[in-house]
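Below: final.cif (mmCIF, N, CA and C atoms, pLDDT in the B column; chains and numbers go by the auth columns)
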```
data_structure
#
loop_
_atom_site.group_PDB
_atom_site.id
_atom_site.type_symbol
_atom_site.label_atom_id
_atom_site.label_comp_id
_atom_site.label_asym_id
_atom_site.label_seq_id
_atom_site.Cartn_x
_atom_site.Cartn_y
_atom_site.Cartn_z
_atom_site.B_iso_or_equiv
_atom_site.auth_seq_id
_atom_site.auth_asym_id
ATOM 1 N N MET A 1 1.168 46.225 35.154 54.00 1 A
ATOM 2 C CA MET A 1 1.789 45.402 34.158 54.00 1 A
ATOM 3 C C MET A 1 0.862 44.240 33.847 54.00 1 A
ATOM 4 N N SER A 2 0.734 43.933 32.586 57.00 2 A
ATOM 5 C CA SER A 2 -0.195 42.905 32.141 57.00 2 A
ATOM 6 C C SER A 2 0.532 41.574 32.020 57.00 2 A
ATOM 7 N N THR A 3 -0.140 40.487 32.427 64.00 3 A
ATOM 8 C CA THR A 3 0.459 39.155 32.319 64.00 3 A
ATOM 9 C C THR A 3 -0.011 38.427 31.068 64.00 3 A
ATOM 10 N N GLU A 4 -0.874 39.060 30.296 60.00 4 A
ATOM 11 C CA GLU A 4 -1.372 38.432 29.073 60.00 4 A
ATOM 12 C C GLU A 4 -0.308 38.509 27.994 60.00 4 A
ATOM 13 N N THR A 5 -0.180 37.412 27.268 57.00 5 A
ATOM 14 C CA THR A 5 0.768 37.418 26.158 57.00 5 A
ATOM 15 C C THR A 5 -0.003 37.692 24.882 57.00 5 A
ATOM 16 N N PRO A 6 0.457 38.601 24.091 58.00 6 A
ATOM 17 C CA PRO A 6 -0.267 38.890 22.850 58.00 6 A
ATOM 18 C C PRO A 6 -0.123 37.740 21.862 58.00 6 A
ATOM 19 N N GLU A 7 -1.219 37.468 21.163 57.00 7 A
ATOM 20 C CA GLU A 7 -1.180 36.397 20.156 57.00 7 A
ATOM 21 C C GLU A 7 -0.441 36.886 18.931 57.00 7 A
ATOM 22 N N SER A 8 0.356 36.018 18.384 58.00 8 A
ATOM 23 C CA SER A 8 1.081 36.355 17.174 58.00 8 A
ATOM 24 C C SER A 8 0.107 36.289 15.998 58.00 8 A
ATOM 25 N N PRO A 9 0.109 37.268 15.109 63.00 9 A
ATOM 26 C CA PRO A 9 -0.823 37.235 13.989 63.00 9 A
ATOM 27 C C PRO A 9 -0.498 36.130 12.987 63.00 9 A
ATOM 28 N N LEU A 10 0.662 35.510 13.095 78.00 10 A
ATOM 29 C CA LEU A 10 1.052 34.467 12.157 78.00 10 A
ATOM 30 C C LEU A 10 0.497 33.098 12.530 78.00 10 A
ATOM 31 N N GLN A 11 0.140 32.912 13.778 83.00 11 A
ATOM 32 C CA GLN A 11 -0.385 31.616 14.206 83.00 11 A
ATOM 33 C C GLN A 11 -1.904 31.623 14.112 83.00 11 A
ATOM 34 N N PRO A 12 -2.473 30.536 13.526 78.00 12 A
ATOM 35 C CA PRO A 12 -3.938 30.491 13.391 78.00 12 A
ATOM 36 C C PRO A 12 -4.601 30.268 14.744 78.00 12 A
ATOM 37 N N THR A 13 -5.785 30.788 14.859 87.00 13 A
ATOM 38 C CA THR A 13 -6.542 30.607 16.090 87.00 13 A
ATOM 39 C C THR A 13 -7.163 29.216 16.091 87.00 13 A
ATOM 40 N N LEU A 14 -7.737 28.849 17.195 86.00 14 A
ATOM 41 C CA LEU A 14 -8.375 27.546 17.327 86.00 14 A
ATOM 42 C C LEU A 14 -9.525 27.407 16.331 86.00 14 A
ATOM 43 N N GLY A 15 -10.286 28.450 16.146 87.00 15 A
ATOM 44 C CA GLY A 15 -11.402 28.424 15.191 87.00 15 A
ATOM 45 C C GLY A 15 -10.914 28.244 13.765 87.00 15 A
ATOM 46 N N GLU A 16 -9.845 28.932 13.397 87.00 16 A
ATOM 47 C CA GLU A 16 -9.292 28.799 12.046 87.00 16 A
ATOM 48 C C GLU A 16 -8.768 27.392 11.796 87.00 16 A
ATOM 49 N N ARG A 17 -8.104 26.821 12.817 87.00 17 A
ATOM 50 C CA ARG A 17 -7.606 25.447 12.669 87.00 17 A
ATOM 51 C C ARG A 17 -8.754 24.461 12.526 87.00 17 A
ATOM 52 N N ALA A 18 -9.844 24.680 13.257 89.00 18 A
ATOM 53 C CA ALA A 18 -11.013 23.802 13.151 89.00 18 A
ATOM 54 C C ALA A 18 -11.631 23.898 11.763 89.00 18 A
ATOM 55 N N ILE A 19 -11.714 25.108 11.228 89.00 19 A
ATOM 56 C CA ILE A 19 -12.269 25.285 9.882 89.00 19 A
ATOM 57 C C ILE A 19 -11.376 24.619 8.851 89.00 19 A
ATOM 58 N N ASP A 20 -10.059 24.768 8.997 88.00 20 A
ATOM 59 C CA ASP A 20 -9.128 24.118 8.065 88.00 20 A
ATOM 60 C C ASP A 20 -9.260 22.601 8.116 88.00 20 A
ATOM 61 N N THR A 21 -9.378 22.064 9.320 91.00 21 A
ATOM 62 C CA THR A 21 -9.533 20.619 9.470 91.00 21 A
ATOM 63 C C THR A 21 -10.842 20.143 8.853 91.00 21 A
ATOM 64 N N ALA A 22 -11.914 20.881 9.082 90.00 22 A
ATOM 65 C CA ALA A 22 -13.211 20.502 8.512 90.00 22 A
ATOM 66 C C ALA A 22 -13.164 20.566 6.987 90.00 22 A
ATOM 67 N N THR A 23 -12.473 21.549 6.434 91.00 23 A
ATOM 68 C CA THR A 23 -12.331 21.666 4.982 91.00 23 A
ATOM 69 C C THR A 23 -11.537 20.494 4.422 91.00 23 A
ATOM 70 N N ASP A 24 -10.453 20.122 5.107 90.00 24 A
ATOM 71 C CA ASP A 24 -9.651 18.971 4.664 90.00 24 A
ATOM 72 C C ASP A 24 -10.463 17.684 4.700 90.00 24 A
ATOM 73 N N VAL A 25 -11.234 17.498 5.751 91.00 25 A
ATOM 74 C CA VAL A 25 -12.065 16.297 5.873 91.00 25 A
ATOM 75 C C VAL A 25 -13.117 16.280 4.770 91.00 25 A
ATOM 76 N N SER A 26 -13.707 17.427 4.495 91.00 26 A
ATOM 77 C CA SER A 26 -14.714 17.516 3.446 91.00 26 A
ATOM 78 C C SER A 26 -14.118 17.165 2.084 91.00 26 A
ATOM 79 N N ARG A 27 -12.918 17.667 1.797 91.00 27 A
ATOM 80 C CA ARG A 27 -12.256 17.328 0.535 91.00 27 A
ATOM 81 C C ARG A 27 -11.955 15.840 0.451 91.00 27 A
ATOM 82 N N THR A 28 -11.489 15.263 1.552 93.00 28 A
ATOM 83 C CA THR A 28 -11.172 13.835 1.576 93.00 28 A
ATOM 84 C C THR A 28 -12.428 13.001 1.333 93.00 28 A
ATOM 85 N N ILE A 29 -13.516 13.363 1.978 94.00 29 A
ATOM 86 C CA ILE A 29 -14.774 12.629 1.798 94.00 29 A
ATOM 87 C C ILE A 29 -15.244 12.746 0.353 94.00 29 A
ATOM 88 N N THR A 30 -15.092 13.925 -0.228 93.00 30 A
ATOM 89 C CA THR A 30 -15.486 14.122 -1.623 93.00 30 A
ATOM 90 C C THR A 30 -14.647 13.253 -2.548 93.00 30 A
ATOM 91 N N GLU A 31 -13.340 13.199 -2.316 94.00 31 A
ATOM 92 C CA GLU A 31 -12.456 12.377 -3.146 94.00 31 A
ATOM 93 C C GLU A 31 -12.798 10.897 -3.014 94.00 31 A
ATOM 94 N N VAL A 32 -13.049 10.454 -1.792 95.00 32 A
ATOM 95 C CA VAL A 32 -13.387 9.045 -1.571 95.00 32 A
ATOM 96 C C VAL A 32 -14.722 8.708 -2.231 95.00 32 A
ATOM 97 N N SER A 33 -15.698 9.579 -2.093 96.00 33 A
ATOM 98 C CA SER A 33 -17.003 9.292 -2.697 96.00 33 A
ATOM 99 C C SER A 33 -16.917 9.320 -4.222 96.00 33 A
ATOM 100 N N ASP A 34 -16.092 10.202 -4.792 95.00 34 A
ATOM 101 C CA ASP A 34 -15.902 10.212 -6.245 95.00 34 A
ATOM 102 C C ASP A 34 -15.238 8.922 -6.723 95.00 34 A
ATOM 103 N N GLY A 35 -14.243 8.458 -5.981 96.00 35 A
ATOM 104 C CA GLY A 35 -13.585 7.199 -6.321 96.00 35 A
ATOM 105 C C GLY A 35 -14.535 6.019 -6.219 96.00 35 A
ATOM 106 N N LEU A 36 -15.348 6.011 -5.175 96.00 36 A
ATOM 107 C CA LEU A 36 -16.324 4.936 -4.994 96.00 36 A
ATOM 108 C C LEU A 36 -17.368 4.959 -6.100 96.00 36 A
ATOM 109 N N ARG A 37 -17.795 6.155 -6.482 96.00 37 A
ATOM 110 C CA ARG A 37 -18.770 6.285 -7.571 96.00 37 A
ATOM 111 C C ARG A 37 -18.180 5.762 -8.889 96.00 37 A
ATOM 112 N N ALA A 38 -16.914 6.081 -9.163 97.00 38 A
ATOM 113 C CA ALA A 38 -16.269 5.605 -10.391 97.00 38 A
ATOM 114 C C ALA A 38 -16.124 4.081 -10.371 97.00 38 A
ATOM 115 N N ALA A 39 -15.754 3.519 -9.217 97.00 39 A
ATOM 116 C CA ALA A 39 -15.628 2.067 -9.106 97.00 39 A
ATOM 117 C C ALA A 39 -16.974 1.381 -9.287 97.00 39 A
ATOM 118 N N THR A 40 -18.018 1.968 -8.732 97.00 40 A
ATOM 119 C CA THR A 40 -19.363 1.414 -8.881 97.00 40 A
ATOM 120 C C THR A 40 -19.810 1.443 -10.333 97.00 40 A
ATOM 121 N N ASP A 41 -19.521 2.544 -11.018 96.00 41 A
ATOM 122 C CA ASP A 41 -19.880 2.638 -12.431 96.00 41 A
ATOM 123 C C ASP A 41 -19.159 1.578 -13.261 96.00 41 A
ATOM 124 N N ARG A 42 -17.870 1.348 -12.966 96.00 42 A
ATOM 125 C CA ARG A 42 -17.116 0.308 -13.693 96.00 42 A
ATOM 126 C C ARG A 42 -17.684 -1.077 -13.402 96.00 42 A
ATOM 127 N N LEU A 43 -18.068 -1.331 -12.150 96.00 43 A
ATOM 128 C CA LEU A 43 -18.644 -2.625 -11.791 96.00 43 A
ATOM 129 C C LEU A 43 -19.986 -2.839 -12.475 96.00 43 A
ATOM 130 N N ILE A 44 -20.810 -1.812 -12.518 96.00 44 A
ATOM 131 C CA ILE A 44 -22.109 -1.913 -13.190 96.00 44 A
ATOM 132 C C ILE A 44 -21.914 -2.217 -14.670 96.00 44 A
ATOM 133 N N GLU A 45 -20.952 -1.546 -15.291 95.00 45 A
ATOM 134 C CA GLU A 45 -20.670 -1.788 -16.711 95.00 45 A
ATOM 135 C C GLU A 45 -20.148 -3.204 -16.936 95.00 45 A
ATOM 136 N N ALA A 46 -19.294 -3.700 -16.047 93.00 46 A
ATOM 137 C CA ALA A 46 -18.767 -5.059 -16.183 93.00 46 A
ATOM 138 C C ALA A 46 -19.884 -6.093 -16.047 93.00 46 A
ATOM 139 N N ILE A 47 -20.794 -5.883 -15.110 92.00 47 A
ATOM 140 C CA ILE A 47 -21.913 -6.809 -14.933 92.00 47 A
ATOM 141 C C ILE A 47 -22.826 -6.767 -16.151 92.00 47 A
ATOM 142 N N ALA A 48 -23.089 -5.564 -16.648 92.00 48 A
ATOM 143 C CA ALA A 48 -23.966 -5.432 -17.821 92.00 48 A
ATOM 144 C C ALA A 48 -23.354 -6.127 -19.041 92.00 48 A
ATOM 145 N N SER A 49 -22.056 -5.973 -19.227 92.00 49 A
ATOM 146 C CA SER A 49 -21.418 -6.621 -20.389 92.00 49 A
ATOM 147 C C SER A 49 -21.363 -8.131 -20.212 92.00 49 A
ATOM 148 N N SER A 50 -21.272 -8.599 -18.978 91.00 50 A
ATOM 149 C CA SER A 50 -21.232 -10.039 -18.726 91.00 50 A
ATOM 150 C C SER A 50 -22.604 -10.682 -18.895 91.00 50 A
ATOM 151 N N ARG A 51 -23.660 -9.899 -18.768 91.00 51 A
ATOM 152 C CA ARG A 51 -25.021 -10.430 -18.927 91.00 51 A
ATOM 153 C C ARG A 51 -25.443 -10.538 -20.392 91.00 51 A
ATOM 154 N N ARG A 52 -24.691 -9.912 -21.276 91.00 52 A
ATOM 155 C CA ARG A 52 -25.024 -10.002 -22.702 91.00 52 A
ATOM 156 C C ARG A 52 -24.851 -11.443 -23.170 91.00 52 A
ATOM 157 N N PRO A 53 -25.536 -11.829 -24.230 90.00 53 A
ATOM 158 C CA PRO A 53 -25.413 -13.217 -24.726 90.00 53 A
ATOM 159 C C PRO A 53 -23.956 -13.598 -24.981 90.00 53 A
ATOM 160 N N GLY A 54 -23.587 -14.762 -24.466 88.00 54 A
ATOM 161 C CA GLY A 54 -22.218 -15.240 -24.595 88.00 54 A
ATOM 162 C C GLY A 54 -21.335 -14.843 -23.432 88.00 54 A
ATOM 163 N N GLY A 55 -21.825 -13.963 -22.566 90.00 55 A
ATOM 164 C CA GLY A 55 -21.051 -13.533 -21.407 90.00 55 A
ATOM 165 C C GLY A 55 -21.100 -14.566 -20.292 90.00 55 A
ATOM 166 N N THR A 56 -20.242 -14.378 -19.331 89.00 56 A
ATOM 167 C CA THR A 56 -20.134 -15.341 -18.232 89.00 56 A
ATOM 168 C C THR A 56 -21.433 -15.453 -17.434 89.00 56 A
ATOM 169 N N LEU A 57 -21.996 -14.314 -17.039 91.00 57 A
ATOM 170 C CA LEU A 57 -23.235 -14.365 -16.254 91.00 57 A
ATOM 171 C C LEU A 57 -24.396 -14.924 -17.051 91.00 57 A
ATOM 172 N N ALA A 58 -24.438 -14.668 -18.339 91.00 58 A
ATOM 173 C CA ALA A 58 -25.498 -15.232 -19.179 91.00 58 A
ATOM 174 C C ALA A 58 -25.375 -16.753 -19.221 91.00 58 A
ATOM 175 N N THR A 59 -24.152 -17.247 -19.334 91.00 59 A
ATOM 176 C CA THR A 59 -23.922 -18.693 -19.370 91.00 59 A
ATOM 177 C C THR A 59 -24.290 -19.337 -18.040 91.00 59 A
ATOM 178 N N VAL A 60 -23.866 -18.724 -16.953 89.00 60 A
ATOM 179 C CA VAL A 60 -24.183 -19.272 -15.620 89.00 60 A
ATOM 180 C C VAL A 60 -25.695 -19.264 -15.394 89.00 60 A
ATOM 181 N N SER A 61 -26.369 -18.206 -15.816 91.00 61 A
ATOM 182 C CA SER A 61 -27.829 -18.145 -15.672 91.00 61 A
ATOM 183 C C SER A 61 -28.514 -19.260 -16.455 91.00 61 A
ATOM 184 N N ALA A 62 -28.042 -19.496 -17.664 92.00 62 A
ATOM 185 C CA ALA A 62 -28.637 -20.544 -18.496 92.00 62 A
ATOM 186 C C ALA A 62 -28.414 -21.920 -17.881 92.00 62 A
ATOM 187 N N VAL A 63 -27.217 -22.180 -17.399 91.00 63 A
ATOM 188 C CA VAL A 63 -26.907 -23.482 -16.792 91.00 63 A
ATOM 189 C C VAL A 63 -27.736 -23.671 -15.520 91.00 63 A
ATOM 190 N N THR A 64 -27.890 -22.603 -14.742 92.00 64 A
ATOM 191 C CA THR A 64 -28.666 -22.686 -13.504 92.00 64 A
ATOM 192 C C THR A 64 -30.139 -22.975 -13.786 92.00 64 A
ATOM 193 N N ARG A 65 -30.674 -22.394 -14.859 93.00 65 A
ATOM 194 C CA ARG A 65 -32.059 -22.672 -15.224 93.00 65 A
ATOM 195 C C ARG A 65 -32.235 -24.116 -15.669 93.00 65 A
ATOM 196 N N GLU A 66 -31.246 -24.670 -16.355 94.00 66 A
ATOM 197 C CA GLU A 66 -31.335 -26.045 -16.857 94.00 66 A
ATOM 198 C C GLU A 66 -31.168 -27.086 -15.750 94.00 66 A
ATOM 199 N N ALA A 67 -30.225 -26.843 -14.836 94.00 67 A
ATOM 200 C CA ALA A 67 -29.939 -27.828 -13.786 94.00 67 A
ATOM 201 C C ALA A 67 -29.735 -27.111 -12.447 94.00 67 A
ATOM 202 N N PRO A 68 -30.825 -26.739 -11.777 94.00 68 A
ATOM 203 C CA PRO A 68 -30.680 -25.965 -10.549 94.00 68 A
ATOM 204 C C PRO A 68 -30.024 -26.736 -9.399 94.00 68 A
ATOM 205 N N LEU A 69 -30.320 -28.020 -9.250 96.00 69 A
ATOM 206 C CA LEU A 69 -29.714 -28.775 -8.151 96.00 69 A
ATOM 207 C C LEU A 69 -28.228 -28.989 -8.367 96.00 69 A
ATOM 208 N N ALA A 70 -27.838 -29.274 -9.578 94.00 70 A
ATOM 209 C CA ALA A 70 -26.412 -29.439 -9.874 94.00 70 A
ATOM 210 C C ALA A 70 -25.670 -28.119 -9.652 94.00 70 A
ATOM 211 N N SER A 71 -26.291 -27.012 -10.030 93.00 71 A
ATOM 212 C CA SER A 71 -25.674 -25.702 -9.825 93.00 71 A
ATOM 213 C C SER A 71 -25.541 -25.389 -8.342 93.00 71 A
ATOM 214 N N LEU A 72 -26.547 -25.742 -7.577 94.00 72 A
ATOM 215 C CA LEU A 72 -26.485 -25.540 -6.136 94.00 72 A
ATOM 216 C C LEU A 72 -25.368 -26.366 -5.517 94.00 72 A
ATOM 217 N N PHE A 73 -25.211 -27.589 -5.965 95.00 73 A
ATOM 218 C CA PHE A 73 -24.150 -28.462 -5.467 95.00 73 A
ATOM 219 C C PHE A 73 -22.772 -27.885 -5.797 95.00 73 A
ATOM 220 N N VAL A 74 -22.604 -27.414 -7.020 93.00 74 A
ATOM 221 C CA VAL A 74 -21.320 -26.818 -7.416 93.00 74 A
ATOM 222 C C VAL A 74 -21.040 -25.575 -6.584 93.00 74 A
ATOM 223 N N ALA A 75 -22.053 -24.741 -6.359 93.00 75 A
ATOM 224 C CA ALA A 75 -21.879 -23.541 -5.543 93.00 75 A
ATOM 225 C C ALA A 75 -21.508 -23.907 -4.112 93.00 75 A
ATOM 226 N N PHE A 76 -22.118 -24.958 -3.584 96.00 76 A
ATOM 227 C CA PHE A 76 -21.789 -25.415 -2.240 96.00 76 A
ATOM 228 C C PHE A 76 -20.342 -25.881 -2.168 96.00 76 A
ATOM 229 N N LEU A 77 -19.911 -26.672 -3.138 95.00 77 A
ATOM 230 C CA LEU A 77 -18.524 -27.147 -3.149 95.00 77 A
ATOM 231 C C LEU A 77 -17.532 -25.995 -3.280 95.00 77 A
ATOM 232 N N LEU A 78 -17.865 -25.019 -4.121 94.00 78 A
ATOM 233 C CA LEU A 78 -16.993 -23.862 -4.282 94.00 78 A
ATOM 234 C C LEU A 78 -16.914 -23.066 -2.979 94.00 78 A
ATOM 235 N N GLY A 79 -18.038 -22.859 -2.320 95.00 79 A
ATOM 236 C CA GLY A 79 -18.040 -22.168 -1.039 95.00 79 A
ATOM 237 C C GLY A 79 -17.267 -22.922 0.024 95.00 79 A
ATOM 238 N N PHE A 80 -17.400 -24.226 0.034 94.00 80 A
ATOM 239 C CA PHE A 80 -16.664 -25.046 0.988 94.00 80 A
ATOM 240 C C PHE A 80 -15.159 -24.933 0.734 94.00 80 A
ATOM 241 N N ALA A 81 -14.740 -24.980 -0.529 93.00 81 A
ATOM 242 C CA ALA A 81 -13.316 -24.885 -0.866 93.00 81 A
ATOM 243 C C ALA A 81 -12.743 -23.525 -0.458 93.00 81 A
ATOM 244 N N VAL A 82 -13.510 -22.464 -0.680 93.00 82 A
ATOM 245 C CA VAL A 82 -13.034 -21.133 -0.310 93.00 82 A
ATOM 246 C C VAL A 82 -12.956 -20.995 1.204 93.00 82 A
ATOM 247 N N ALA A 83 -13.970 -21.485 1.915 93.00 83 A
ATOM 248 C CA ALA A 83 -13.975 -21.394 3.370 93.00 83 A
ATOM 249 C C ALA A 83 -12.881 -22.253 3.982 93.00 83 A
ATOM 250 N N ARG A 84 -12.581 -23.362 3.362 87.00 84 A
ATOM 251 C CA ARG A 84 -11.553 -24.270 3.874 87.00 84 A
ATOM 252 C C ARG A 84 -10.168 -23.625 3.820 87.00 84 A
ATOM 253 N N ARG A 85 -9.922 -22.804 2.816 81.00 85 A
ATOM 254 C CA ARG A 85 -8.616 -22.162 2.656 81.00 85 A
ATOM 255 C C ARG A 85 -8.366 -21.151 3.750 81.00 85 A
ATOM 256 N N ARG A 86 -9.381 -20.595 4.320 71.00 86 A
ATOM 257 C CA ARG A 86 -9.212 -19.569 5.350 71.00 86 A
ATOM 258 C C ARG A 86 -9.089 -20.255 6.645 71.00 86 A
#
```

Just dump the structure as structure tokens.
Amino acid sequence: MSTETPESPLQPTLGERAIDTATDVSRTITEVSDGLRAATDRLIEAIASSRRPGGTLATVSAVTREAPLASLFVAFLLGFAVARRR
């Protein structure tokens, strides 16, 4: 008499479960990387549009070129205010 229990064909083996898990992880990584790529593209576009004449970054760049020490002081105060809140 045999003491081995036959495996049910309906239950996946350890190898099949590992492959399923690896496939799920691969899909998740793909989805996350696609989302990150889309967010990066939107950020690049926002920065590019802000650098155009009249944009926020263009204005800040111009002010910084005209008065670098005053800009540094303002940046320091802004950093201090943000750090103080935390």

Test item, alpha helix (DSSP H) assignment across chain A, answer as a ChimeraX atom specification: /A:14-51,56-66,68-85

Atom-to-atom span, atom CA of Ser50 of chain A and atom CA of Ala62 of chain A, Å: 12.9 Å

Between atom C of Gly35 of chain A and atom N of Ile47 of chain A - distance in Å to one decimal: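 Separation of atom N of Ile47 of chain A and atom C of Gly35 of chain A: 16.1 Å.
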
Point-to-point distance in Å for atom CA of Arg37 of chain A and atom CA of Asp24 of chain A: 19.8 Å

Box for segment 66-70 of chain A - axis-aligned, 3 Å on each of the six sides, all listed atoms - centre and size in Å to one decimal, as JSON.
```
{"center_x": -28.5, "center_y": -27.1, "center_z": -12.5, "size_x": 11.7, "size_y": 10.8, "size_z": 14.7}
```
